[in-house]
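S.K.: My structure file model_5.csv, CSV, C-alpha atoms, is below:
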```csv
chain,number,residue,atom,x,y,z
A,27,MET,CA,105.4,79.1,70.3
A,28,ALA,CA,107.3,76.1,71.5
A,29,LYS,CA,108.8,76.2,74.9
A,30,ALA,CA,112.5,75.8,75.0
A,31,ALA,CA,113.9,72.3,74.7
A,32,ASP,CA,115.8,73.0,77.9
A,33,PRO,CA,113.3,72.5,80.6
A,34,HIS,CA,114.0,75.8,82.3
A,35,THR,CA,111.0,77.6,80.9
A,36,SER,CA,109.5,80.4,83.0
A,37,SER,CA,106.8,78.2,84.5
A,38,VAL,CA,109.3,75.5,85.5
A,39,THR,CA,111.5,78.3,86.9
A,40,ASN,CA,108.5,79.4,89.0
A,41,ILE,CA,108.5,76.0,90.6
A,42,ASP,CA,112.2,76.3,91.3
A,43,GLY,CA,111.6,79.8,92.6
A,44,GLU,CA,108.9,78.6,94.9
A,45,LEU,CA,111.1,75.8,96.3
A,46,VAL,CA,114.1,78.2,96.7
A,47,ARG,CA,111.8,80.7,98.5
A,48,ARG,CA,110.7,78.0,100.9
A,49,VAL,CA,114.3,76.9,101.6
A,50,GLN,CA,115.3,80.6,102.1
A,51,GLN,CA,112.5,80.8,104.7
A,52,GLY,CA,113.8,77.8,106.6
A,53,ASP,CA,112.1,74.8,104.9
A,54,LYS,CA,115.0,72.3,104.5
A,55,ALA,CA,112.7,69.7,103.0
A,56,ALA,CA,112.1,71.9,99.9
A,57,PHE,CA,115.8,71.6,99.1
A,58,ASP,CA,115.3,67.9,98.9
A,59,LEU,CA,113.0,68.3,96.0
A,60,LEU,CA,115.6,70.4,94.2
A,61,VAL,CA,118.3,67.7,94.8
A,62,ARG,CA,115.9,65.0,93.4
A,63,LYS,CA,115.2,67.1,90.4
A,64,TYR,CA,118.8,68.1,89.5
A,65,GLN,CA,121.1,65.4,90.8
A,66,GLN,CA,121.4,63.5,87.5
A,67,ARG,CA,122.2,66.6,85.5
A,68,ILE,CA,124.7,67.8,88.1
A,69,GLY,CA,126.2,64.3,88.4
A,70,LYS,CA,126.6,64.2,84.6
A,71,LEU,CA,128.3,67.6,84.7
A,72,VAL,CA,130.7,66.5,87.4
A,73,SER,CA,131.4,63.3,85.6
A,74,ARG,CA,132.8,65.3,82.8
A,75,PHE,CA,135.5,66.6,85.1
A,76,ILE,CA,136.0,63.4,87.2
A,77,SER,CA,135.7,59.9,86.0
A,78,ASP,CA,135.8,58.0,89.3
A,79,ARG,CA,132.2,57.1,90.4
A,80,SER,CA,132.7,57.6,94.1
A,81,GLU,CA,134.4,60.9,93.5
A,82,VAL,CA,131.6,62.0,91.3
A,83,GLU,CA,129.1,61.3,94.0
A,84,ASP,CA,131.2,63.1,96.6
A,85,VAL,CA,131.6,66.2,94.4
A,86,THR,CA,128.0,66.2,93.4
A,87,GLN,CA,127.0,66.0,97.1
A,88,GLU,CA,129.5,68.8,97.9
A,89,ALA,CA,128.0,71.0,95.2
A,90,PHE,CA,124.5,70.7,96.5
A,91,ILE,CA,125.7,71.4,100.1
A,92,LYS,CA,127.6,74.5,98.9
A,93,ALA,CA,124.5,75.6,97.0
A,94,TYR,CA,122.4,75.2,100.2
A,95,ARG,CA,124.9,77.3,102.1
A,96,ALA,CA,124.9,80.0,99.4
A,97,LEU,CA,121.2,80.1,99.0
A,98,PRO,CA,120.8,83.2,101.2
A,99,ASN,CA,122.9,85.1,98.6
A,100,PHE,CA,120.9,83.8,95.6
A,101,ARG,CA,118.9,86.7,94.4
A,102,GLY,CA,117.3,85.1,91.3
A,103,ASP,CA,119.3,87.1,88.8
A,104,SER,CA,119.6,83.9,86.9
A,105,ALA,CA,117.6,80.6,86.8
A,106,PHE,CA,118.3,78.4,89.8
A,107,TYR,CA,119.8,75.7,87.6
A,108,THR,CA,122.2,78.1,85.9
A,109,TRP,CA,123.4,79.2,89.4
A,110,LEU,CA,123.6,75.6,90.6
A,111,TYR,CA,125.5,74.6,87.5
A,112,ARG,CA,128.2,77.3,88.2
A,113,ILE,CA,128.6,76.1,91.7
A,114,ALA,CA,129.0,72.5,90.6
A,115,THR,CA,131.5,73.5,87.9
A,116,ASN,CA,133.6,75.4,90.5
A,117,THR,CA,133.3,72.6,93.0
A,118,ALA,CA,134.6,70.1,90.5
A,119,LYS,CA,137.5,72.3,89.4
A,120,ASN,CA,138.4,73.1,93.0
A,121,TYR,CA,138.3,69.4,93.8
A,122,LEU,CA,140.8,68.6,91.0
A,123,VAL,CA,143.1,71.4,92.1
A,124,ALA,CA,143.0,70.2,95.7
A,125,ALA,CA,143.7,66.7,94.5
A,126,GLY,CA,146.7,67.9,92.6
A,127,ARG,CA,145.1,67.4,89.2
A,128,ARG,CA,144.8,70.0,86.6
A,129,PRO,CA,141.3,71.3,85.9
A,130,PRO,CA,140.3,71.9,82.3
A,131,ARG,CA,141.2,75.4,81.0
A,132,SER,CA,137.8,76.0,79.4
A,133,ASP,CA,134.3,75.8,80.9
A,134,VAL,CA,131.7,73.1,80.1
A,135,ASP,CA,128.8,74.3,77.9
A,136,ILE,CA,125.6,74.4,80.0
A,137,THR,CA,123.4,72.7,77.5
A,138,SER,CA,125.6,70.1,75.7
A,139,GLY,CA,128.2,69.5,78.4
A,140,ALA,CA,131.0,70.0,75.8
A,141,THR,CA,133.8,72.3,76.5
A,142,GLU,CA,134.3,75.6,74.6
A,143,GLN,CA,137.0,73.9,72.6
A,144,GLY,CA,134.5,71.2,71.6
A,145,PHE,CA,135.7,68.1,73.3
A,146,GLU,CA,134.4,66.0,76.1
A,147,LEU,CA,136.4,66.3,79.3
A,148,VAL,CA,136.1,62.7,80.4
A,149,SER,CA,135.5,60.1,77.8
A,150,ASP,CA,136.7,56.9,79.5
A,151,ASN,CA,133.4,55.7,80.7
A,152,SER,CA,133.5,52.5,82.6
A,153,PRO,CA,132.1,49.4,80.9
A,154,GLU,CA,129.7,49.0,83.8
A,155,GLY,CA,128.5,52.5,83.4
A,156,GLU,CA,128.1,52.1,79.6
A,157,MET,CA,126.1,48.8,80.1
A,158,ALA,CA,123.8,50.4,82.7
A,159,SER,CA,123.2,53.4,80.4
A,160,GLU,CA,122.5,51.1,77.5
A,161,GLU,CA,120.1,49.1,79.5
A,162,ILE,CA,118.2,52.2,80.5
A,163,ARG,CA,118.1,53.6,77.0
A,164,ARG,CA,116.9,50.2,75.6
A,165,THR,CA,114.2,50.0,78.3
A,166,ILE,CA,112.9,53.5,77.5
A,167,HIS,CA,113.0,52.7,73.8
A,168,ASP,CA,111.1,49.4,74.1
A,169,ALA,CA,108.5,50.9,76.5
A,170,LEU,CA,107.8,53.7,74.1
A,171,GLU,CA,107.5,51.3,71.2
A,172,GLN,CA,104.9,49.2,73.2
A,173,MET,CA,102.9,52.2,74.3
A,174,PRO,CA,99.6,53.2,72.6
A,175,GLU,CA,100.5,55.7,69.9
A,176,GLU,CA,98.5,58.6,71.4
A,177,LEU,CA,100.5,58.3,74.7
A,178,ARG,CA,103.8,58.0,72.9
A,179,MET,CA,103.1,61.0,70.7
A,180,ALA,CA,102.0,63.2,73.6
A,181,LEU,CA,105.0,62.4,75.8
A,182,SER,CA,107.4,62.7,72.8
A,183,MET,CA,106.1,66.1,71.8
A,184,CYS,CA,106.4,67.2,75.4
A,185,GLU,CA,109.9,65.7,76.2
A,186,PHE,CA,111.6,65.7,72.9
A,187,ASP,CA,110.1,68.6,71.1
A,188,GLY,CA,109.4,70.8,74.2
A,189,LEU,CA,105.9,71.6,73.1
A,190,THR,CA,103.4,73.0,75.7
A,191,TYR,CA,100.2,71.2,76.5
A,192,ASP,CA,98.3,73.8,74.6
A,193,GLU,CA,100.4,73.1,71.5
A,194,ILE,CA,100.1,69.4,71.9
A,195,ALA,CA,96.4,69.7,72.2
A,196,GLU,CA,96.3,71.6,69.0
A,197,VAL,CA,98.5,69.1,67.1
A,198,MET,CA,96.5,66.1,68.5
A,199,ASP,CA,93.2,67.9,68.1
A,200,CYS,CA,92.0,67.0,71.6
A,201,PRO,CA,91.3,68.9,74.8
A,202,ILE,CA,94.2,70.0,77.0
A,203,GLY,CA,92.9,67.8,79.8
A,204,THR,CA,93.3,64.8,77.5
A,205,VAL,CA,96.9,65.8,76.8
A,206,ARG,CA,97.6,66.1,80.5
A,207,SER,CA,96.2,62.7,81.1
A,208,ARG,CA,98.0,61.1,78.2
A,209,ILE,CA,101.4,62.5,79.2
A,210,PHE,CA,100.8,61.3,82.8
A,211,ARG,CA,99.8,57.8,81.7
A,212,ALA,CA,102.8,57.6,79.4
A,213,ARG,CA,105.1,58.6,82.2
A,214,GLN,CA,103.5,56.1,84.6
A,215,SER,CA,103.9,53.3,82.1
A,216,LEU,CA,107.6,54.2,81.5
A,217,ASP,CA,108.2,54.6,85.2
A,218,GLN,CA,106.9,51.1,86.0
A,219,LYS,CA,109.4,49.6,83.6
A,220,LEU,CA,112.3,51.8,84.4
A,221,ARG,CA,112.0,52.0,88.2
A,222,PRO,CA,113.3,48.5,88.9
A,223,ILE,CA,116.4,49.4,86.9
A,224,ILE,CA,117.2,52.8,88.1
A,225,SER,CA,115.9,51.9,91.6
A,226,THR,CA,114.9,55.3,93.0
A,227,THR,CA,113.3,53.8,96.1
A,228,GLU,CA,113.9,56.2,98.9
A,229,ILE,CA,114.5,55.6,102.6
A,230,GLU,CA,111.5,57.2,104.1
A,231,GLU,CA,112.1,60.1,106.3
A,232,VAL,CA,109.8,62.1,108.4
A,233,VAL,CA,109.5,65.6,107.2
B,30,MET,CA,92.8,60.5,94.7
B,31,LYS,CA,96.4,59.2,94.5
B,32,LYS,CA,96.2,59.1,90.7
B,33,THR,CA,95.1,62.7,90.6
B,34,LYS,CA,98.0,63.7,92.8
B,35,LEU,CA,100.4,61.8,90.6
B,36,GLU,CA,99.0,63.5,87.6
B,37,GLU,CA,99.5,66.8,89.3
B,38,VAL,CA,103.2,65.9,89.8
B,39,SER,CA,103.4,65.2,86.1
B,40,SER,CA,102.0,68.6,85.1
B,41,LEU,CA,104.1,70.3,87.8
B,42,ILE,CA,107.2,68.9,86.2
B,43,ASP,CA,106.2,70.2,82.8
B,44,GLY,CA,105.4,73.6,84.3
B,45,GLU,CA,101.8,73.1,83.2
B,46,TYR,CA,100.2,73.0,86.6
B,47,THR,CA,97.4,75.5,86.6
B,48,GLY,CA,96.7,77.0,90.0
B,49,ASP,CA,98.5,77.9,93.1
B,50,LEU,CA,101.8,76.0,93.5
B,51,GLN,CA,101.6,75.9,97.3
B,52,SER,CA,99.2,73.0,97.4
B,53,PRO,CA,101.0,70.5,95.1
B,54,ILE,CA,104.3,71.4,96.7
B,55,ASP,CA,102.9,70.9,100.2
B,56,GLY,CA,101.6,67.5,98.9
B,57,LEU,CA,105.1,66.6,97.6
B,58,LEU,CA,106.7,67.5,100.9
B,59,LYS,CA,104.3,65.4,102.9
B,60,ASP,CA,104.0,62.3,100.7
B,61,ALA,CA,107.1,60.0,100.2
B,62,GLU,CA,105.5,58.3,97.2
B,63,LEU,CA,104.9,61.6,95.5
B,64,ARG,CA,108.5,62.6,96.1
B,65,THR,CA,109.8,59.4,94.6
B,66,THR,CA,107.5,60.0,91.6
B,67,TRP,CA,108.8,63.6,91.3
B,68,GLN,CA,112.4,62.2,91.3
B,69,SER,CA,111.6,59.4,88.9
B,70,TYR,CA,109.7,61.5,86.4
B,71,HIS,CA,112.5,64.0,86.3
B,72,GLU,CA,115.1,61.3,85.8
B,73,LEU,CA,112.9,59.8,83.1
B,74,GLY,CA,112.8,63.1,81.3
B,75,ASP,CA,116.6,63.5,81.7
B,76,TRP,CA,117.1,60.2,80.0
B,77,MET,CA,114.6,60.9,77.2
B,78,ARG,CA,116.2,64.2,76.5
B,79,GLY,CA,119.7,62.7,76.7
B,80,ALA,CA,120.6,64.8,79.7
B,81,ALA,CA,121.5,61.8,81.8
B,82,ASP,CA,123.0,59.4,79.2
B,83,GLU,CA,126.7,59.3,78.3
B,84,SER,CA,127.3,59.7,81.9
B,85,PRO,CA,129.6,57.0,83.4
B,86,VAL,CA,127.6,57.1,86.6
B,87,ARG,CA,124.1,57.5,87.8
B,88,VAL,CA,124.3,59.4,91.1
B,89,ASN,CA,121.9,59.2,94.0
B,90,VAL,CA,122.9,61.7,96.6
B,91,VAL,CA,119.5,62.5,98.0
B,92,ASP,CA,120.0,60.8,101.4
B,93,ARG,CA,123.6,62.0,101.7
B,94,VAL,CA,122.7,65.6,101.0
B,95,ARG,CA,119.7,65.5,103.3
B,96,SER,CA,121.9,64.1,106.2
B,97,ALA,CA,124.5,66.8,105.6
B,98,ILE,CA,121.9,69.6,105.4
B,99,ASP,CA,120.2,68.4,108.6
B,100,ALA,CA,123.4,69.4,110.4
B,101,GLU,CA,123.4,72.8,108.7
B,102,PRO,CA,121.7,75.9,110.3
B,103,ILE,CA,118.3,76.7,109.0
B,104,LEU,CA,118.3,79.5,106.5
B,105,LEU,CA,115.9,82.2,107.5
B,106,PHE,CA,115.2,85.5,105.8
B,107,PRO,CA,113.6,88.4,107.6
B,108,ALA,CA,110.0,88.7,106.5
B,109,SER,CA,110.6,92.2,105.2
B,110,GLN,CA,113.4,90.9,103.0
B,111,SER,CA,111.5,88.2,101.1
B,112,PRO,CA,113.9,86.6,98.7
B,113,VAL,CA,113.2,86.9,95.0
B,114,VAL,CA,113.8,84.2,92.4
B,115,ALA,CA,113.7,84.8,88.7
B,116,PRO,CA,112.5,88.4,89.1
B,117,PRO,CA,109.0,88.7,87.5
B,118,PRO,CA,108.4,91.5,85.0
B,119,GLN,CA,106.8,93.6,87.7
B,120,SER,CA,110.2,93.9,89.5
B,121,ARG,CA,111.8,95.2,86.3
B,122,ARG,CA,108.9,97.6,86.0
B,123,TRP,CA,109.8,99.0,89.5
B,124,THR,CA,113.3,99.5,88.3
B,125,GLN,CA,112.0,101.4,85.3
B,126,PHE,CA,109.8,103.5,87.5
B,127,ALA,CA,112.8,104.3,89.7
B,128,GLY,CA,114.6,105.4,86.6
B,129,MET,CA,111.6,107.4,85.6
B,130,GLY,CA,111.5,108.9,89.1
B,131,ILE,CA,115.1,110.1,88.7
B,132,ALA,CA,114.3,111.6,85.3
B,133,ALA,CA,111.2,113.3,86.7
B,134,ALA,CA,113.2,114.7,89.6
B,135,VAL,CA,115.9,116.1,87.3
B,136,ALA,CA,113.1,117.5,85.0
B,137,SER,CA,111.5,119.2,88.0
B,138,VAL,CA,114.8,120.7,89.0
B,139,THR,CA,115.2,122.2,85.6
B,140,VAL,CA,111.6,123.5,85.4
B,141,LEU,CA,111.5,124.9,88.9
B,142,PHE,CA,115.0,126.5,88.6
B,143,PHE,CA,114.2,128.3,85.4
B,144,GLN,CA,110.9,129.4,86.7
B,145,GLN,CA,112.5,131.3,89.6
B,146,PRO,CA,111.5,135.0,89.4
B,147,GLY,CA,114.6,136.7,88.0
B,148,GLY,CA,116.2,133.3,87.4
B,149,LEU,CA,119.4,134.4,89.0
B,150,GLN,CA,119.1,133.1,92.5
B,151,GLY,CA,122.0,131.2,94.0
B,152,PRO,CA,122.5,127.5,93.2
B,153,GLU,CA,121.8,126.5,96.8
B,154,GLU,CA,118.2,127.7,96.6
B,155,GLY,CA,117.7,125.8,93.4
B,156,LEU,CA,119.2,122.7,94.9
B,157,ALA,CA,116.9,122.8,97.9
B,158,VAL,CA,114.1,122.2,95.5
B,159,ALA,CA,116.1,119.6,93.6
B,160,THR,CA,117.1,117.4,96.4
B,161,ALA,CA,113.6,117.0,97.9
B,162,PRO,CA,112.3,114.6,95.3
B,163,MET,CA,115.6,112.8,95.0
B,164,THR,CA,115.4,111.6,98.6
B,165,SER,CA,112.4,109.5,97.8
B,166,SER,CA,113.7,108.4,94.4
B,167,VAL,CA,117.1,106.9,95.4
B,168,PRO,CA,115.9,104.0,97.6
B,169,ALA,CA,113.6,102.9,94.8
B,170,VAL,CA,116.6,102.2,92.6
B,171,SER,CA,117.6,99.4,94.9
B,172,LEU,CA,114.2,97.7,94.9
B,173,ALA,CA,115.3,95.1,92.3
B,174,ALA,CA,118.2,94.0,94.4
B,175,VAL,CA,117.4,92.0,97.5
B,176,GLY,CA,120.3,90.5,99.5
B,177,SER,CA,121.8,90.0,102.9
B,178,ASP,CA,122.1,92.7,105.5
B,179,THR,CA,125.6,93.4,104.4
B,180,SER,CA,124.5,94.0,100.8
B,181,ILE,CA,121.7,96.2,102.0
B,182,ALA,CA,124.1,98.3,104.1
B,183,ASP,CA,126.4,98.5,101.1
B,184,GLU,CA,123.5,99.6,98.9
B,185,GLN,CA,122.6,102.3,101.5
B,186,LEU,CA,126.2,103.6,101.5
B,187,ALA,CA,126.3,103.5,97.7
B,188,GLY,CA,123.0,105.4,97.7
B,189,GLU,CA,124.4,108.0,100.0
B,190,ALA,CA,127.5,108.3,97.9
B,191,PHE,CA,125.4,108.6,94.8
B,192,GLN,CA,123.2,111.2,96.5
B,193,ARG,CA,126.3,113.3,97.4
B,194,LYS,CA,127.8,113.0,93.9
B,195,PHE,CA,124.4,113.9,92.4
B,196,ASP,CA,124.1,116.9,94.7
B,197,ALA,CA,127.6,118.1,93.8
B,198,TYR,CA,126.7,117.5,90.1
B,199,LEU,CA,123.5,119.6,90.4
B,200,ALA,CA,125.4,122.3,92.3
B,201,SER,CA,128.1,122.4,89.6
B,202,HIS,CA,125.5,122.3,86.8
B,203,ALA,CA,123.4,125.0,88.3
B,204,LYS,CA,126.4,127.2,88.9
B,205,GLN,CA,127.6,126.8,85.3
B,206,SER,CA,124.1,127.3,84.0
B,207,VAL,CA,123.7,130.5,85.9
B,208,GLY,CA,127.1,131.8,84.8
B,209,HIS,CA,126.5,130.8,81.2
B,210,ARG,CA,123.0,132.2,81.1
B,211,ALA,CA,124.2,135.4,82.7
B,212,GLN,CA,126.9,135.8,80.1
B,213,GLU,CA,124.4,135.2,77.4
B,214,LEU,CA,121.5,137.1,78.7
B,215,LEU,CA,123.1,140.1,80.4
B,216,PRO,CA,124.4,141.8,77.3
B,217,TYR,CA,121.0,141.4,75.7
B,218,THR,CA,119.3,142.7,78.8
B,219,THR,CA,121.7,145.5,79.0
B,220,VAL,CA,121.2,146.5,75.4
B,221,VAL,CA,117.4,146.3,75.6
B,222,GLY,CA,117.5,148.2,78.9
B,223,TYR,CA,119.6,151.0,77.7
B,224,ASN,CA,117.8,151.1,74.4
B,225,ALA,CA,114.5,151.2,76.1
B,226,ALA,CA,115.5,154.2,78.2
B,227,PRO,CA,113.6,157.3,77.4
B,228,GLY,CA,115.2,159.8,75.2
B,229,THR,CA,117.6,157.5,73.6
B,230,ARG,CA,115.8,157.5,70.3
```
Rewrite the coordinates I just gave you, this time as structure tokens.

M.R.:
Amino acid sequence: MAKAADPHTSSVTNIDGELVRRVQQGDKAAFDLLVRKYQQRIGKLVSRFISDRSEVEDVTQEAFIKAYRALPNFRGDSAFYTWLYRIATNTAKNYLVAAGRRPPRSDVDITSGATEQGFELVSDNSPEGEMASEEIRRTIHDALEQMPEELRMALSMCEFDGLTYDEIAEVMDCPIGTVRSRIFRARQSLDQKLRPIISTTEIEEVV
Amino acid sequence: MKKTKLEEVSSLIDGEYTGDLQSPIDGLLKDAELRTTWQSYHELGDWMRGAADESPVRVNVVDRVRSAIDAEPILLFPASQSPVVAPPPQSRRWTQFAGMGIAAAVASVTVLFFQQPGGLQGPEEGLAVATAPMTSSVPAVSLAAVGSDTSIADEQLAGEAFQRKFDAYLASHAKQSVGHRAQELLPYTTVVGYNAAPGTR
């Protein structure tokens, strides 16, 4: 059976669960990994309410801080991302109210980002943002095109189709260890080409 | 060695890491390059799945959130109150067992009560039997919910309230059962008793 296209499968949730457990036991550094994992998705969500780039960053940051403060009350009744998503949505709405702007009347769908009424909340993307997005998309596309077919297939089945390693091994008729290796090599290859563009270099901190 | 660690990060992201999660997470927390890779691979996946495109901005709030959180108090749960995330099936099973415990307790009340010699003792005596198993069953109901001290206190209060209500229910039920049964059985007993008396036939 294919795992859900949404990455919040039970095993992924277990990693989140382990990170949350660590934060709840006083390990602040574990929260850093959750921020790194979810910041783009939360940023995208917030940007559907707010179009200004600096405001999006502020609200995204605020959402994560609120989540950190609320973590003692997180009991795991839902997936961590679902819980975080609600916090981010409320933070964005409250921000709009505080700024004297009217928040949308309907909530944003958790998977597509569209509202219940079926329209995008913010559609006036800046030309710079559009260009940057286009460059990233093109880089990924080109890198996938240039990649050996077995690597491209393995990564595509994993990321696009949401297949498990077991299922990919069955489809590709190879051992699961080979699938693991192929997906890693594909990611490594893409990362080398994409990293200069998205520039995720971090300022080293001592944990 | 580094390649192996990076490959571990890759399978960790896919939820395909086989083995104890502690070791790779410890590795991530200690190694800056692994953390950057963790972030980069996640972002890569977001872009491939379309979860990051169409966004007017690409945010990077890692440093800002870290700085803000450094100023926050450390979250600490008491050891006895270990937090639960995404409750595993076992937790749900405990809830089921708690429900089964209540059912068993109610069943034992019924059986024990109706097995009393004569069956017409006062409801208080029947309740004494009934409440004993309930005392151990009620806390088990709250096993699935783990929260702050306040919520635990609330749960205890709710548990006590539930216990009182349940006791009252049992008392009322027992009373009604006794009365009802007496009304039904007494005429029969009377008839049999009188009919069975010597010299009536």

S.K.: Sorted by chain and rising residue number, list the residues of stretch 43-80 of chain A at most 9 Å from stretch 89-103 of chain B (counting all atoms listed in the file), each with its closest atom pair and distance in Å to one decimal, as a Markdown table.

M.R.:
```
| residue | atom | partner | partner_atom | distance |
| --- | --- | --- | --- | --- |
| A:Val49 | CA | B:Ile103 | CA | 8.4 |
| A:Gln50 | CA | B:Ile103 | CA | 8.5 |
| A:Gln51 | CA | B:Ile103 | CA | 8.3 |
| A:Gly52 | CA | B:Ile103 | CA | 5.2 |
| A:Asp53 | CA | B:Ile103 | CA | 7.7 |
| A:Lys54 | CA | B:Ile103 | CA | 7.1 |
| A:Ala55 | CA | B:Arg95 | CA | 8.2 |
| A:Phe57 | CA | B:Arg95 | CA | 8.4 |
| A:Asp58 | CA | B:Arg95 | CA | 6.7 |
| A:Leu59 | CA | B:Val91 | CA | 8.9 |
| A:Val61 | CA | B:Val91 | CA | 6.2 |
| A:Arg62 | CA | B:Val91 | CA | 6.4 |
| A:Gln65 | CA | B:Asn89 | CA | 7.0 |
| A:Gln66 | CA | B:Asn89 | CA | 7.8 |
| A:Gly69 | CA | B:Asn89 | CA | 8.7 |
```

S.K.: Could you list, as a list in words, every residue within 12 Å of B:Leu58, counting all atoms listed in the file and ignoring same-chain residues fewer than 6 positions away?

M.R.: Leu45, Arg48, Asp53, Lys54, Ala55, Ala56, Phe57, Asp58, Leu59, Leu60, Glu230, Glu231, Val232 and Val233 of chain A; Val38, Gln51, Ser52, Arg64, Thr65, Thr66 and Trp67 of chain B

S.K.: Which value, in Å to one decimal, gives the distance between atom CA of B:Ile54 and atom CA of B:Ile42?

M.R.: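 Atom-to-atom, atom CA of B:Ile54 and atom CA of B:Ile42 are spaced 11.2 Å apart.
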
S.K.: Skipping near chain neighbours, those fewer than 4 positions away, what residues fall within 8 Å of B:Glu72 using all atoms listed in the file, listed as a list in words?

M.R.: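 Those residues are Lys63 and Gln66 of chain A; Gln68, Trp76 and Ala81 of chain B.
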